[in-house]
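See structure below.
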Amino acid sequence: MKIQVRVPATTANLGPGFDGMGLALGLYNEIEAEPAPALEVHVEGEGAEELPRDATNRVLHSAARLFERHGRPLPPMRVRCRNRIPLMSGLGSSAAAVVGGLALAAAWLGLSEPPDRWLELATELEGHPDNVAPALLGGLALVARDEEGLVAVRVPVPPLRVVLALPAVRVATEMARRLLPAQVPLADVVYQIGHAALLVHALREGDWTLLGRAMRDRLHEPYRARLIPGYEQAVAAARAAGAAAVCISGSGPALAAFAPANHEAIAAAMAEAFAAAGAPARTWVVEVAQQGVQTSVALEGPDGP
């Protein structure tokens, strides 16, 4: 038996949607697993030099939690992680690891439950439902927690291309969160609610003019921008090159730019602006991933795991 898992990157918050929405992106981590005499973990690509190669790896740790829920220990297996999502980038690398581990365990156990059944456990393991929900569901995911627990809804959006620019600096989510104020003015809360609602409509309808107005934030971006060298220059360059809207991806330092056209020119302009500010950047132009985590199982023999 060989299990293959594919998990998209995510960009969470989307400006005013702080902790409440995220978008799946066509930049993928892939995991392969098969039975083996003992646990083996191989890591390629992003984080290959620093991620653990044992059961403490986040993919394996997450898989083990689902096995435990079904009364089984983590079985011996050979796991290969091919990572394309940069670490500590604001692009959901930890969410991809958690969701990928859960999908791996579910396939090994032969579970047929839909991925949204893992929302609570994935959030418990990763900490941020706006990161894990789009990785689970694909597309634009809206999340909220209330007295009944977590709820996530996938909102259909038309095909979109997003420019990602990642300057050569790392931002830990915990550090970025510590910068945020404990209290905010009521006027800012009202501003945020209205813009978040408009943002969902703009993305769903592909309304670029409205998107440019809706993707404005007062709760987190003004504080987190301080951690990103060249932030203002890169945002200005993106808009000058044709971007309708730009936001900090997750807690940063990556930026996500949305535009109807000229994506490669926008990417080049953002890279040039970051470089001029002393923070060389990598860029990608990606599609919105309409599907979340995907799993396939190939049976190579008569016996299961």
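Please note that chains go A, B, ... in the order of the structure tokens, that every chain numbers its residues from 1, and that ligands are numbered from 1 in the order shown.
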| Can you tell me, as number ranges by chain, what residues are no more than 7 Å from stretch 191-200 of chain A when counting only C-alpha atoms, ignoring any on the same chain fewer than 2 positions away? | A: 16-17, 187-189, 202-204, 211, 214-218
Pull all heavy atoms from the residues just selected and write them as a short mmCIF file (atom, residue, chain, number, x, y, z; two decimals), in the first residue's frame.
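result37.cif written:
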data_model
loop_
_atom_site.label_atom_id
_atom_site.label_comp_id
_atom_site.auth_asym_id
_atom_site.auth_seq_id
_atom_site.Cartn_x
_atom_site.Cartn_y
_atom_site.Cartn_z
N PRO A 16 -9.06 42.43 6.21
CA PRO A 16 -10.00 42.62 7.32
C PRO A 16 -10.57 41.33 7.89
O PRO A 16 -11.26 41.37 8.91
CB PRO A 16 -11.12 43.46 6.69
CG PRO A 16 -11.10 43.05 5.25
CD PRO A 16 -9.64 42.86 4.94
N GLY A 17 -10.30 40.19 7.26
CA GLY A 17 -10.87 38.93 7.74
C GLY A 17 -10.05 38.29 8.83
O GLY A 17 -9.87 37.07 8.86
N ALA A 187 -15.12 51.97 16.78
CA ALA A 187 -15.18 52.43 15.39
C ALA A 187 -14.36 51.51 14.48
O ALA A 187 -14.75 51.25 13.34
CB ALA A 187 -14.68 53.86 15.29
N ASP A 188 -13.22 51.02 14.98
CA ASP A 188 -12.40 50.11 14.19
C ASP A 188 -13.09 48.76 14.02
O ASP A 188 -12.97 48.12 12.97
CB ASP A 188 -11.03 49.93 14.84
CG ASP A 188 -10.15 51.14 14.68
OD1 ASP A 188 -10.53 52.06 13.92
OD2 ASP A 188 -9.07 51.18 15.32
N VAL A 189 -13.79 48.31 15.03
CA VAL A 189 -14.53 47.04 14.92
C VAL A 189 -15.62 47.16 13.86
O VAL A 189 -15.79 46.26 13.02
CB VAL A 189 -15.14 46.65 16.28
CG1 VAL A 189 -16.01 45.41 16.15
CG2 VAL A 189 -14.05 46.42 17.31
N ALA A 202 -16.73 40.70 -2.84
CA ALA A 202 -15.83 41.06 -3.93
C ALA A 202 -15.11 39.83 -4.48
O ALA A 202 -14.96 39.68 -5.70
CB ALA A 202 -14.82 42.10 -3.44
N LEU A 203 -14.65 38.95 -3.59
CA LEU A 203 -13.97 37.75 -4.05
C LEU A 203 -14.93 36.81 -4.77
O LEU A 203 -14.59 36.22 -5.80
CB LEU A 203 -13.33 37.03 -2.86
CG LEU A 203 -12.09 37.69 -2.26
CD1 LEU A 203 -11.69 37.00 -0.95
CD2 LEU A 203 -10.92 37.63 -3.25
N ARG A 204 -16.12 36.67 -4.25
CA ARG A 204 -17.10 35.76 -4.85
C ARG A 204 -17.53 36.24 -6.23
O ARG A 204 -17.74 35.45 -7.14
CB ARG A 204 -18.32 35.64 -3.93
CG ARG A 204 -19.35 34.61 -4.40
CD ARG A 204 -20.46 34.48 -3.39
NE ARG A 204 -21.09 35.78 -3.14
CZ ARG A 204 -21.91 36.01 -2.12
NH1 ARG A 204 -22.17 35.06 -1.23
NH2 ARG A 204 -22.46 37.20 -1.97
N LEU A 211 -12.85 44.99 -4.46
CA LEU A 211 -11.80 44.29 -3.71
C LEU A 211 -10.73 45.27 -3.22
O LEU A 211 -10.23 45.17 -2.09
CB LEU A 211 -11.17 43.20 -4.57
CG LEU A 211 -10.14 42.31 -3.88
CD1 LEU A 211 -10.80 41.47 -2.80
CD2 LEU A 211 -9.43 41.42 -4.89
N ALA A 214 -12.26 46.91 -0.25
CA ALA A 214 -12.64 46.02 0.85
C ALA A 214 -11.44 45.47 1.61
O ALA A 214 -11.53 45.23 2.82
CB ALA A 214 -13.47 44.86 0.30
N MET A 215 -10.32 45.28 0.93
CA MET A 215 -9.18 44.65 1.58
C MET A 215 -8.34 45.69 2.33
O MET A 215 -7.14 45.88 2.10
CB MET A 215 -8.33 43.87 0.58
CG MET A 215 -7.40 42.88 1.23
SD MET A 215 -6.54 41.82 0.04
CE MET A 215 -7.83 40.62 -0.35
N ARG A 216 -8.99 46.39 3.24
CA ARG A 216 -8.33 47.35 4.11
C ARG A 216 -8.54 46.92 5.56
O ARG A 216 -9.62 46.47 5.92
CB ARG A 216 -8.90 48.75 3.89
CG ARG A 216 -8.67 49.29 2.48
CD ARG A 216 -9.34 50.63 2.26
NE ARG A 216 -9.14 51.13 0.90
CZ ARG A 216 -9.72 52.20 0.40
NH1 ARG A 216 -10.54 52.92 1.17
NH2 ARG A 216 -9.49 52.58 -0.84
N ASP A 217 -7.52 47.06 6.35
CA ASP A 217 -7.53 46.50 7.70
C ASP A 217 -7.05 47.51 8.72
O ASP A 217 -6.13 48.30 8.44
CB ASP A 217 -6.63 45.26 7.73
CG ASP A 217 -6.38 44.78 9.14
OD1 ASP A 217 -7.25 44.09 9.69
OD2 ASP A 217 -5.33 45.13 9.72
N ARG A 218 -7.64 47.46 9.90
CA ARG A 218 -7.18 48.30 11.02
C ARG A 218 -6.76 47.49 12.24
O ARG A 218 -6.23 48.07 13.19
CB ARG A 218 -8.30 49.26 11.44
CG ARG A 218 -8.60 50.35 10.43
CD ARG A 218 -9.66 51.30 10.97
NE ARG A 218 -9.95 52.38 10.02
CZ ARG A 218 -10.86 53.33 10.25
NH1 ARG A 218 -11.56 53.33 11.39
NH2 ARG A 218 -11.08 54.27 9.35
#
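For stretch 64-80 of chain A, the list of residues within 8 Å, based on only C-alpha atoms and with local chain neighbours fewer than 5 positions off taken out, reads Ile31, Glu32, Ala33, Glu34, Pro35, Ala36, Pro37, Ala38, Leu39, Glu40, Val41, His42, Val43, Glu44, Leu102, Ala105, Ala106 and Leu109 of chain A.
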| Using only C-alpha atoms, which residues sit within 9 Å of A:Gly212 once same-chain residues fewer than 5 positions away are excluded, as a PyMOL selection string? | chain A and resi 199+202+207+243-246+258
Just-selected residues, all heavy atoms written as a PDB file, in the first residue's frame:
ATOM      1  N   LEU A 199     -15.458  42.209   1.446  1.00  0.00           N
ATOM      2  CA  LEU A 199     -14.380  41.405   0.874  1.00  0.00           C
ATOM      3  C   LEU A 199     -14.895  40.063   0.352  1.00  0.00           C
ATOM      4  O   LEU A 199     -14.536  39.629  -0.743  1.00  0.00           O
ATOM      5  CB  LEU A 199     -13.294  41.181   1.926  1.00  0.00           C
ATOM      6  CG  LEU A 199     -12.122  40.289   1.504  1.00  0.00           C
ATOM      7  CD1 LEU A 199     -11.341  40.935   0.368  1.00  0.00           C
ATOM      8  CD2 LEU A 199     -11.209  40.019   2.693  1.00  0.00           C
ATOM      9  N   ALA A 202     -16.734  40.704  -2.840  1.00  0.00           N
ATOM     10  CA  ALA A 202     -15.829  41.060  -3.932  1.00  0.00           C
ATOM     11  C   ALA A 202     -15.105  39.832  -4.480  1.00  0.00           C
ATOM     12  O   ALA A 202     -14.963  39.680  -5.702  1.00  0.00           O
ATOM     13  CB  ALA A 202     -14.824  42.100  -3.442  1.00  0.00           C
ATOM     14  N   ASP A 207     -15.107  41.136  -8.279  1.00  0.00           N
ATOM     15  CA  ASP A 207     -15.245  42.587  -8.432  1.00  0.00           C
ATOM     16  C   ASP A 207     -13.940  43.239  -7.975  1.00  0.00           C
ATOM     17  O   ASP A 207     -13.714  43.465  -6.782  1.00  0.00           O
ATOM     18  CB  ASP A 207     -16.430  43.072  -7.588  1.00  0.00           C
ATOM     19  CG  ASP A 207     -16.745  44.549  -7.805  1.00  0.00           C
ATOM     20  OD1 ASP A 207     -15.826  45.326  -8.131  1.00  0.00           O
ATOM     21  OD2 ASP A 207     -17.919  44.930  -7.629  1.00  0.00           O
ATOM     22  N   ALA A 243      -1.896  45.820  -9.363  1.00  0.00           N
ATOM     23  CA  ALA A 243      -2.614  45.051  -8.347  1.00  0.00           C
ATOM     24  C   ALA A 243      -3.823  45.829  -7.847  1.00  0.00           C
ATOM     25  O   ALA A 243      -3.731  47.027  -7.564  1.00  0.00           O
ATOM     26  CB  ALA A 243      -1.691  44.721  -7.181  1.00  0.00           C
ATOM     27  N   ALA A 244      -4.942  45.135  -7.722  1.00  0.00           N
ATOM     28  CA  ALA A 244      -6.138  45.768  -7.180  1.00  0.00           C
ATOM     29  C   ALA A 244      -6.085  45.845  -5.669  1.00  0.00           C
ATOM     30  O   ALA A 244      -6.627  46.776  -5.065  1.00  0.00           O
ATOM     31  CB  ALA A 244      -7.374  44.980  -7.610  1.00  0.00           C
ATOM     32  N   ALA A 245      -5.440  44.858  -5.034  1.00  0.00           N
ATOM     33  CA  ALA A 245      -5.380  44.806  -3.575  1.00  0.00           C
ATOM     34  C   ALA A 245      -4.149  44.014  -3.156  1.00  0.00           C
ATOM     35  O   ALA A 245      -3.713  43.101  -3.859  1.00  0.00           O
ATOM     36  CB  ALA A 245      -6.636  44.152  -3.006  1.00  0.00           C
ATOM     37  N   VAL A 246      -3.609  44.375  -2.006  1.00  0.00           N
ATOM     38  CA  VAL A 246      -2.451  43.691  -1.435  1.00  0.00           C
ATOM     39  C   VAL A 246      -2.692  43.510   0.051  1.00  0.00           C
ATOM     40  O   VAL A 246      -3.194  44.422   0.714  1.00  0.00           O
ATOM     41  CB  VAL A 246      -1.136  44.481  -1.649  1.00  0.00           C
ATOM     42  CG1 VAL A 246       0.061  43.665  -1.168  1.00  0.00           C
ATOM     43  CG2 VAL A 246      -0.966  44.887  -3.107  1.00  0.00           C
ATOM     44  N   PHE A 258      -3.551  40.751  -5.425  1.00  0.00           N
ATOM     45  CA  PHE A 258      -4.664  40.270  -6.236  1.00  0.00           C
ATOM     46  C   PHE A 258      -4.849  41.208  -7.418  1.00  0.00           C
ATOM     47  O   PHE A 258      -4.886  42.430  -7.250  1.00  0.00           O
ATOM     48  CB  PHE A 258      -5.941  40.219  -5.397  1.00  0.00           C
ATOM     49  CG  PHE A 258      -5.873  39.246  -4.251  1.00  0.00           C
ATOM     50  CD1 PHE A 258      -5.177  39.564  -3.086  1.00  0.00           C
ATOM     51  CD2 PHE A 258      -6.479  38.014  -4.337  1.00  0.00           C
ATOM     52  CE1 PHE A 258      -5.107  38.677  -2.028  1.00  0.00           C
ATOM     53  CE2 PHE A 258      -6.417  37.103  -3.290  1.00  0.00           C
ATOM     54  CZ  PHE A 258      -5.725  37.435  -2.129  1.00  0.00           C
TER      55      PHE A 258
END
| task | Write out as an MDAnalysis selection string all residues of stretch 30-234 of chain A that backbone DSSP assigns to strand (DSSP E). | result | chainID A and resid 30:35 40:45 77:83 140:146 149:155 161:167
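Shortest atom-to-atom contact with A:Ser296 among A:Pro167, A:Gly278, A:Pro253, A:Gly110: A:Gly110, counting only C-alpha atoms.
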| Using only C-alpha atoms, which of A:His128, A:Arg170, A:Arg177, A:Arg161 sits nearest A:Gly22? |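 Nearest candidate to A:Gly22 out of A:His128, A:Arg170, A:Arg177, A:Arg161: A:His128.
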| task | Just the residues within 9 Å of A:Pro280, please, counting only C-alpha atoms, with nothing from its chain fewer than 4 positions along; format it as a list in words. | result |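 Non-adjacent residues within range: Leu166, Pro167, Ala168, Val169, Ala271, Glu272, Ala273, Phe274, Ala275 and Ala276 of chain A.
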| query | Between atom CA of A:Ala152 and atom CA of A:Ala9, what is the spacing in Å? | reply | 17.4 Å
| DSSP helix (DSSP H, G or I) residues within stretch 47-268 of chain A, as a PyMOL selection string | chain A and resi 58-69+93-109+115-126+129-137+173-178+186-205+208-214+221-227+231-240+263-268
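Proximity ranking of A:Met88, A:Ala12, A:Val59, A:Val235 relative to A:Met270 places A:Val235 first, based on only C-alpha atoms.
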| message | Just checking: using only C-alpha atoms, which residue out of A:Val132, A:Ala256, A:Ile228, A:Ala165 ends up closest to A:Ala281? | response |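 The answer is A:Ala165, which sits nearest to A:Ala281.
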| message | I want to know what sits within 12 Å of A:Glu46, based on only C-alpha atoms, with residues of the same chain fewer than 3 positions away left out; could you give that as number ranges by chain? | response | A: 27-30, 43, 49-51, 81-89, 93
| task | Figure out the distance between atom CA of A:Trp284 and atom CA of A:Ala267, please, to one decimal in Å. | result |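 Going from atom CA of A:Ala267 over to atom CA of A:Trp284, I get 7.2 Å.
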| request: Excluding A:Leu137 and any residue of its chain fewer than 4 positions from it, enumerate the residues within 10 Å of it, using only C-alpha atoms, and give them as number ranges by chain. | output: A: 8, 23-24, 114-116, 119, 132-133, 141, 152-155, 289-294
| message | Need the shell around A:Ala241: protein/DNA/RNA residues with any atom at most 10 Å away, counting only C-alpha atoms. Skip same-chain ones fewer than 3 positions apart. Format as a count of residues only? | response | 16
| Closest to A:Val171 among A:Pro229, A:Gly252, A:Gly20, A:Gly100, using only C-alpha atoms? |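 Of A:Pro229, A:Gly252, A:Gly20, A:Gly100, the one nearest A:Val171 is A:Gly252, counting only C-alpha atoms.
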| task | Give me, please, the distance in Å between atom CA of A:Tyr231 and atom CA of A:Leu179, quoted to one decimal. | result |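 Atom CA of A:Leu179 lies at a distance of 16.3 Å from atom CA of A:Tyr231.
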